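Shown next: work34.txt, given as compact mmCIF, C-alpha atoms.
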# COMPACT_ATOMS: atom_id res chain seq x y z
CA MET A 1097 -27.18 35.85 1.44
CA ARG A 1098 -27.33 34.53 -2.10
CA GLN A 1099 -24.07 36.27 -2.93
CA ARG A 1100 -22.37 34.66 0.10
CA HIS A 1101 -23.50 31.19 -1.03
CA ALA A 1102 -22.25 31.88 -4.54
CA SER A 1103 -18.89 32.97 -3.12
CA GLN A 1104 -18.66 29.83 -0.95
CA ASP A 1105 -19.59 27.62 -3.90
CA ALA A 1106 -16.93 29.27 -6.05
CA ARG A 1107 -14.31 28.81 -3.32
CA ARG A 1108 -15.34 25.17 -2.86
CA ALA A 1109 -15.10 24.56 -6.63
CA ARG A 1110 -11.62 26.17 -6.79
CA GLU A 1111 -10.34 24.14 -3.83
CA PHE A 1112 -11.71 20.90 -5.22
CA LYS A 1113 -10.35 21.62 -8.70
CA ALA A 1114 -6.89 22.21 -7.21
CA PHE A 1115 -7.16 18.97 -5.24
CA VAL A 1116 -8.14 17.00 -8.35
CA ALA A 1117 -5.33 18.57 -10.38
CA GLY A 1118 -2.81 17.41 -7.81
CA ALA A 1119 -4.20 14.02 -6.82
CA ALA A 1120 -6.16 12.58 -9.75
CA GLY A 1121 -3.15 11.05 -11.52
CA ARG A 1122 -1.99 9.08 -8.51
CA LEU A 1123 -5.55 8.08 -7.59
CA LEU A 1124 -6.18 6.87 -11.15
CA HIS A 1125 -3.01 4.80 -10.98
CA THR A 1126 -4.19 3.33 -7.67
CA ALA A 1127 -7.58 2.49 -9.16
CA THR A 1128 -5.91 0.95 -12.22
CA LEU A 1129 -3.76 -1.24 -9.99
CA LEU A 1130 -6.84 -2.32 -8.03
CA THR A 1131 -8.84 -3.25 -11.11
CA ALA A 1132 -5.75 -4.85 -12.73
CA GLU A 1133 -6.57 -3.20 -16.03
CA ALA A 1134 -4.01 -2.04 -18.54
CA PRO A 1135 -2.99 1.59 -17.92
CA ASP A 1136 -4.13 2.65 -21.38
CA ASP A 1137 -7.43 0.74 -21.25
CA ASN A 1138 -8.95 1.18 -17.80
CA PRO A 1139 -12.68 1.98 -17.91
CA ARG A 1140 -13.43 0.29 -14.57
CA ALA A 1141 -10.64 2.23 -12.87
CA ARG A 1142 -11.87 5.51 -14.33
CA ARG A 1143 -15.41 4.81 -13.16
CA LEU A 1144 -14.14 3.92 -9.70
CA LEU A 1145 -12.14 7.14 -9.55
CA THR A 1146 -15.07 9.23 -10.78
CA LEU A 1147 -17.35 7.78 -8.09
CA SER A 1148 -14.71 8.38 -5.42
CA LEU A 1149 -14.10 11.99 -6.48
CA ALA A 1150 -17.86 12.66 -6.62
CA HIS A 1151 -18.19 11.31 -3.08
CA THR A 1152 -15.32 13.51 -1.89
CA TYR A 1153 -16.84 16.58 -3.55
CA ALA A 1154 -20.22 15.86 -1.95
CA CYS A 1155 -18.68 15.87 1.53
CA TRP A 1156 -16.05 18.55 0.82
CA ASP A 1157 -17.45 21.10 3.26
CA GLY A 1158 -17.65 18.46 6.01
CA LEU A 1159 -14.00 17.43 5.87
CA HIS A 1160 -13.04 19.94 8.62
CA GLY A 1161 -9.28 19.59 8.29
CA GLU A 1162 -9.35 15.94 7.21
CA ASP A 1163 -7.06 15.10 4.28
CA PRO A 1164 -9.21 14.88 1.13
CA TYR A 1165 -6.69 12.47 -0.44
CA ASP A 1166 -7.09 10.03 2.45
CA ARG A 1167 -10.87 10.33 2.28
CA THR A 1168 -10.89 9.70 -1.47
CA ARG A 1169 -8.47 6.78 -1.21
CA GLN A 1170 -10.54 5.24 1.58
CA TYR A 1171 -13.73 5.49 -0.48
CA LEU A 1172 -11.90 4.15 -3.53
CA ALA A 1173 -10.75 1.09 -1.56
CA THR A 1174 -14.12 0.38 0.04
CA ARG A 1175 -15.96 0.89 -3.24
CA PHE A 1176 -13.55 -1.50 -4.97
CA ALA A 1177 -13.96 -4.08 -2.20
CA ARG A 1178 -17.75 -3.85 -2.36
CA GLY A 1179 -17.72 -4.09 -6.16
CA ALA A 1180 -15.37 -7.09 -6.09
CA TRP A 1181 -17.64 -8.76 -3.55
CA HIS A 1182 -20.71 -8.36 -5.75
CA GLN A 1183 -19.03 -8.96 -9.10
CA TYR A 1184 -16.79 -11.89 -8.26
CA GLY A 1185 -18.63 -13.58 -5.40
CA GLY A 1186 -16.46 -12.09 -2.69
CA LEU A 1187 -12.93 -10.88 -2.48
CA PHE A 1188 -11.80 -14.50 -2.77
CA GLY A 1189 -14.10 -15.27 -5.68
CA ALA A 1190 -13.35 -15.92 -9.32
CA ARG A 1191 -10.84 -13.64 -10.93
CA PRO A 1192 -11.50 -11.54 -14.00
CA HIS A 1193 -9.13 -11.71 -16.94
CA PRO A 1194 -7.54 -8.24 -16.81
CA ALA A 1195 -4.22 -7.36 -18.37
CA GLY A 1196 -2.48 -5.33 -15.64
CA ALA A 1197 0.65 -6.18 -13.68
CA LEU A 1198 -1.36 -7.40 -10.68
CA ALA A 1199 -3.80 -9.50 -12.71
CA GLY A 1200 -2.55 -12.76 -11.20
CA LEU A 1201 -3.70 -11.73 -7.73
CA ALA A 1202 -7.15 -12.09 -6.20
CA PRO A 1203 -9.00 -8.79 -5.63
CA GLN A 1204 -8.35 -8.83 -1.87
CA GLU A 1205 -4.65 -9.45 -2.44
CA ARG A 1206 -4.50 -6.54 -4.91
CA LEU A 1207 -6.35 -4.28 -2.46
CA VAL A 1208 -4.05 -5.05 0.46
CA LEU A 1209 -0.90 -4.89 -1.68
CA VAL A 1210 -1.83 -1.55 -3.26
CA LEU A 1211 -2.80 0.02 0.06
CA ARG A 1212 0.26 -1.27 1.89
CA LEU A 1213 3.03 -0.99 -0.70
CA TYR A 1214 1.91 1.57 -3.26
CA GLU A 1215 -0.04 3.92 -1.00
CA GLY A 1216 2.04 3.31 2.14
CA VAL A 1217 -0.95 2.81 4.44
CA ALA A 1218 0.04 1.25 7.77
CA GLU A 1219 -0.95 -2.35 8.45
CA GLU A 1220 -3.21 -1.30 11.33
CA GLN A 1221 -5.01 1.29 9.20
CA THR A 1222 -5.45 -1.18 6.34
CA ALA A 1223 -6.84 -3.75 8.77
CA ALA A 1224 -9.28 -1.22 10.22
CA LEU A 1225 -10.38 -0.07 6.77
CA LEU A 1226 -11.05 -3.63 5.60
CA GLY A 1227 -12.40 -4.95 8.89
CA LEU A 1228 -9.68 -7.60 9.15
CA PRO A 1229 -7.24 -8.54 11.91
CA THR A 1230 -3.80 -6.99 11.48
CA GLU A 1231 -2.21 -10.45 11.27
CA ARG A 1232 -4.52 -11.32 8.35
CA VAL A 1233 -3.49 -8.18 6.46
CA HIS A 1234 0.15 -9.07 7.07
CA THR A 1235 -0.38 -12.62 5.77
CA ILE A 1236 -2.29 -11.44 2.67
CA CYS A 1237 0.40 -8.88 1.85
CA ASP A 1238 3.17 -11.46 2.27
CA ARG A 1239 1.35 -14.01 0.08
CA ALA A 1240 0.62 -11.44 -2.63
CA THR A 1241 4.23 -10.26 -2.65
CA ALA A 1242 5.48 -13.83 -2.87
CA THR A 1243 3.10 -14.53 -5.75
CA LEU A 1244 4.40 -11.51 -7.65
CA LEU A 1245 8.04 -12.33 -7.00
CA HIS A 1246 7.66 -16.05 -7.73
CA PRO A 1247 4.67 -16.54 -10.04
CA PRO A 1248 3.31 -20.08 -10.26
CA ARG A 1249 4.65 -22.04 -13.19
CA GLY A 1250 2.31 -23.16 -15.88
CA PRO A 1251 2.19 -26.70 -17.22
CA ALA A 1252 5.29 -27.96 -18.98
CA PRO A 1253 5.27 -27.33 -22.74
CA THR A 1254 4.54 -30.33 -24.92
CA VAL A 1255 6.07 -31.28 -28.25
CA GLY A 1256 4.21 -33.93 -30.21
CA GLY A 1257 2.31 -35.09 -27.13
CA ALA A 1258 5.43 -35.55 -24.94
CA LYS A 1259 6.39 -33.19 -22.16
CA VAL A 1260 9.61 -31.27 -22.68
CA ALA A 1261 12.01 -31.32 -19.74
CA ALA A 1262 13.03 -27.93 -18.43
CA SER A 1263 16.71 -27.22 -18.85
Is it possible to express this structure as structure tokens?
Amino acid sequence: MRQRHASQDARRAREFKAFVAGAAGRLLHTATLLTAEAPDDNPRARRLLTLSLAHTYACWDGLHGEDPYDRTRQYLATRFARGAWHQYGGLFGARPHPAGALAGLAPQERLVLVLRLYEGVAEEQTAALLGLPTERVHTICDRATATLLHPPRGPAPTVGGAKVAAS
């Protein structure tokens, strides 16, 4: 009996190690996009990924044919959403000052944009995961995309106290 458990544990460890070897890079990139940290300085993203992988490992035997990547991505997204809610007063709350490409977006906008465009999750699945109507997910994704394509302009530069006209 003990030998059978040891064999199952070894098999489980091998399977999970192979999964991590194949998926960890993409999942880390997803987490980095969510946290809007710089790719070379992303401690929050790494912590988020570690928690998500630990959760997946804990329920590994209970997956029963479910895709472990989907399970990990789902936990990553919900953990990010919950953390953003607590840290920033909700997904619409104050924004941190990260350095990543999506730093100009609110946490909810980053979450929807990353799930929809980077991960390719369907609108309906994203809506179900976040507990939002499909139309709301569509609107958030459109607004986030527009913000990235046409970032808001800052104030006009001043020279000696006078505004400089844009040419």
What is the atom CA of A:Tyr1214-atom CA of A:Arg1249 distance in Å, reported with one decimal?
->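 Going from atom CA of A:Tyr1214 over to atom CA of A:Arg1249, I get 25.8 Å.
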Excluding A:Phe1176 and residues on its chain fewer than 4 positions from it, collect all residues at most 9 Å away from it, counting all atoms listed in the file, and give them as a PDB file with C-alpha atoms, in the coordinates of the input.
ATOM      1  CA  ALA A1127      -7.580   2.490  -9.160  1.00  0.00           C
ATOM      2  CA  LEU A1130      -6.840  -2.320  -8.030  1.00  0.00           C
ATOM      3  CA  THR A1131      -8.840  -3.250 -11.110  1.00  0.00           C
ATOM      4  CA  LEU A1144     -14.140   3.920  -9.700  1.00  0.00           C
ATOM      5  CA  TYR A1171     -13.730   5.490  -0.480  1.00  0.00           C
ATOM      6  CA  LEU A1172     -11.900   4.150  -3.530  1.00  0.00           C
ATOM      7  CA  ALA A1180     -15.370  -7.090  -6.090  1.00  0.00           C
ATOM      8  CA  TRP A1181     -17.640  -8.760  -3.550  1.00  0.00           C
ATOM      9  CA  PRO A1203      -9.000  -8.790  -5.630  1.00  0.00           C
ATOM     10  CA  LEU A1207      -6.350  -4.280  -2.460  1.00  0.00           C
TER      11      LEU A1207
END
One decimal, Å: what's the distance from atom CA of A:Ala1109 over to atom CA of A:Asp1163, could you say?
-> 16.5 Å
Which residues, written as an NGL selection string, have at least one atom at most 12 Å from A:Ile1236, with only C-alpha atoms counted and residues fewer than 4 positions away on the same chain left out?
-> :A and (1187-1188 or 1201-1212 or 1219 or 1222-1223 or 1228-1232 or 1240-1243)
In Å to one decimal, how far is atom CA of A:Ala1224 from atom CA of A:Ala1120?
->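 Taking atom CA of A:Ala1120 as the start and atom CA of A:Ala1224 as the end point, the length is 24.5 Å.
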